[in-house]
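**Student:** Below is the structure I would like to discuss, written out as structure tokens.
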Amino acid sequence: MTTPAPTPEPVDFRTVPPKITTVATGWQAWWEDRDFWDGYLLYADIDTAKQHAAVDYVGEEYGWQSGDDPDDEAPEVTLTWAPVRERWHLLADGAYTGVQLYETHTYAAQPGQATAAVLRIVSDTVIEANDSGGIDLNDLVTRLEQAGYPLPDDDADTTAAGPMSGQANETRNP
């Protein structure tokens, strides 16, 4: 006897979870096969990322730091950057170093989404209280908490506006 396939649940198109939007785009430095490296940072623009990643590479590979005297101690190496499939690769005297830069994005909820969700919960609760009675502000607090909008503690920062507010999530990795 075969087990019937489960009936898929219908999609409720009237309630839509919040969308996220890109709030920042930057450049991430990454060195292949290195777990620890001072250059693993996020930079706002590609030129700054290239400069800092190259300096960090020279410091790690050659032991020369940017504050050292360039006339006496700088290594004899020519660093260049080459674009390769949406990334930039650092080359030392034309050879691949393993250091790469890639574009990365930081995401968060679109502004106003938490406010709209909270207002919908408040509105629905008030309408239900007026129509049927038997519910009060404790029910409103419970509904807000169940939706992910707990009331702040007395000592908590009250600037947050719900789930994902102010939280950034990296979604691309090397």
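Chains: A, B, ... in order of the structure tokens. Residues: from 1 per chain. Ligands: from 1, in order shown.
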Please identify all polymer residues within 9 Å of Ala92 of chain A, counting only C-alpha atoms, omitting same-chain residues fewer than 5 positions from it, and present them as a PyMOL selection string.

**Tutor:** chain A and resi 77-81+97

**Student:** Take the residues from that selection and put them in a file with C-alpha atoms, as a PDB file, in the first residue's frame.

**Tutor:**
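So the final result, stored in result-v9.pdb, reads:
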```pdb
ATOM      1  CA  VAL A  77      57.918  43.087  -5.091  1.00  0.00           C
ATOM      2  CA  THR A  78      55.485  44.577  -7.592  1.00  0.00           C
ATOM      3  CA  LEU A  79      51.836  44.174  -6.585  1.00  0.00           C
ATOM      4  CA  THR A  80      49.026  44.474  -9.108  1.00  0.00           C
ATOM      5  CA  TRP A  81      45.314  43.668  -9.107  1.00  0.00           C
ATOM      6  CA  THR A  97      48.990  35.357  -4.152  1.00  0.00           C
TER       7      THR A  97
END
```

**Student:** Within 10 Å of segment 135-140 of chain A, which residues of segment 69-124 of chain A come that close, and what is the closest atom pair and distance in Å for each? Count only C-alpha atoms and give it as a tab-separated table.

**Tutor:**
```
residue	atom	partner	partner_atom	distance
A:Ile121	CA	A:Leu140	CA	7.6
A:Val122	CA	A:Leu140	CA	6.7
A:Ser123	CA	A:Leu140	CA	9.8
A:Asp124	CA	A:Leu140	CA	9.3
```

**Student:** Would you mind exporting N, CA and C atoms of the selected residues as an mmCIF file, in the first residue's frame?

**Tutor:**
```cif
data_model
loop_
_atom_site.group_PDB
_atom_site.id
_atom_site.type_symbol
_atom_site.label_atom_id
_atom_site.label_comp_id
_atom_site.auth_asym_id
_atom_site.auth_seq_id
_atom_site.Cartn_x
_atom_site.Cartn_y
_atom_site.Cartn_z
ATOM 1 N N ILE A 121 -1.150 44.673 13.924
ATOM 2 C CA ILE A 121 -1.506 43.876 15.107
ATOM 3 C C ILE A 121 -2.333 44.710 16.078
ATOM 4 N N VAL A 122 -1.914 45.946 16.320
ATOM 5 C CA VAL A 122 -2.655 46.826 17.228
ATOM 6 C C VAL A 122 -4.060 47.076 16.691
ATOM 7 N N SER A 123 -4.148 47.388 15.409
ATOM 8 C CA SER A 123 -5.453 47.667 14.799
ATOM 9 C C SER A 123 -6.385 46.467 14.889
ATOM 10 N N ASP A 124 -5.888 45.295 14.532
ATOM 11 C CA ASP A 124 -6.716 44.081 14.588
ATOM 12 C C ASP A 124 -7.191 43.788 16.010
#
```

**Student:** Which distance in Å separates atom CA of Asp33 of chain A and atom CA of Thr106 of chain A, to one decimal?

**Tutor:**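 The value is 24.4 Å.
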
**Student:** Using DSSP assignments from the backbone, pull out every residue in segment 17-111 of chain A that falls under helix (DSSP H, G or I) and give it to me as an MDAnalysis selection string.

**Tutor:** chainID A and resid 46:62 70:73

**Student:** At a cut-off of 10 Å, using only C-alpha atoms, what residues contact Glu61 of chain A? Leave out same-chain residues fewer than 5 positions from it and give the result as a ChimeraX atom specification.

**Tutor:** /A:55-56,75,97

**Student:** Hey, what's within 12 Å of Thr48 of chain A if we count only C-alpha atoms and toss same-chain stuff fewer than 4 positions away? As number ranges by chain, please?

**Tutor:** A: 26-29, 39, 41-44, 52-55, 101

**Student:** Compile the contact shell of Val84 of chain A as a ChimeraX atom specification: residues with an atom at most 12 Å away, counting only C-alpha atoms, same-chain residues fewer than 6 positions apart removed.

**Tutor:** /A:90-91,96,99-102
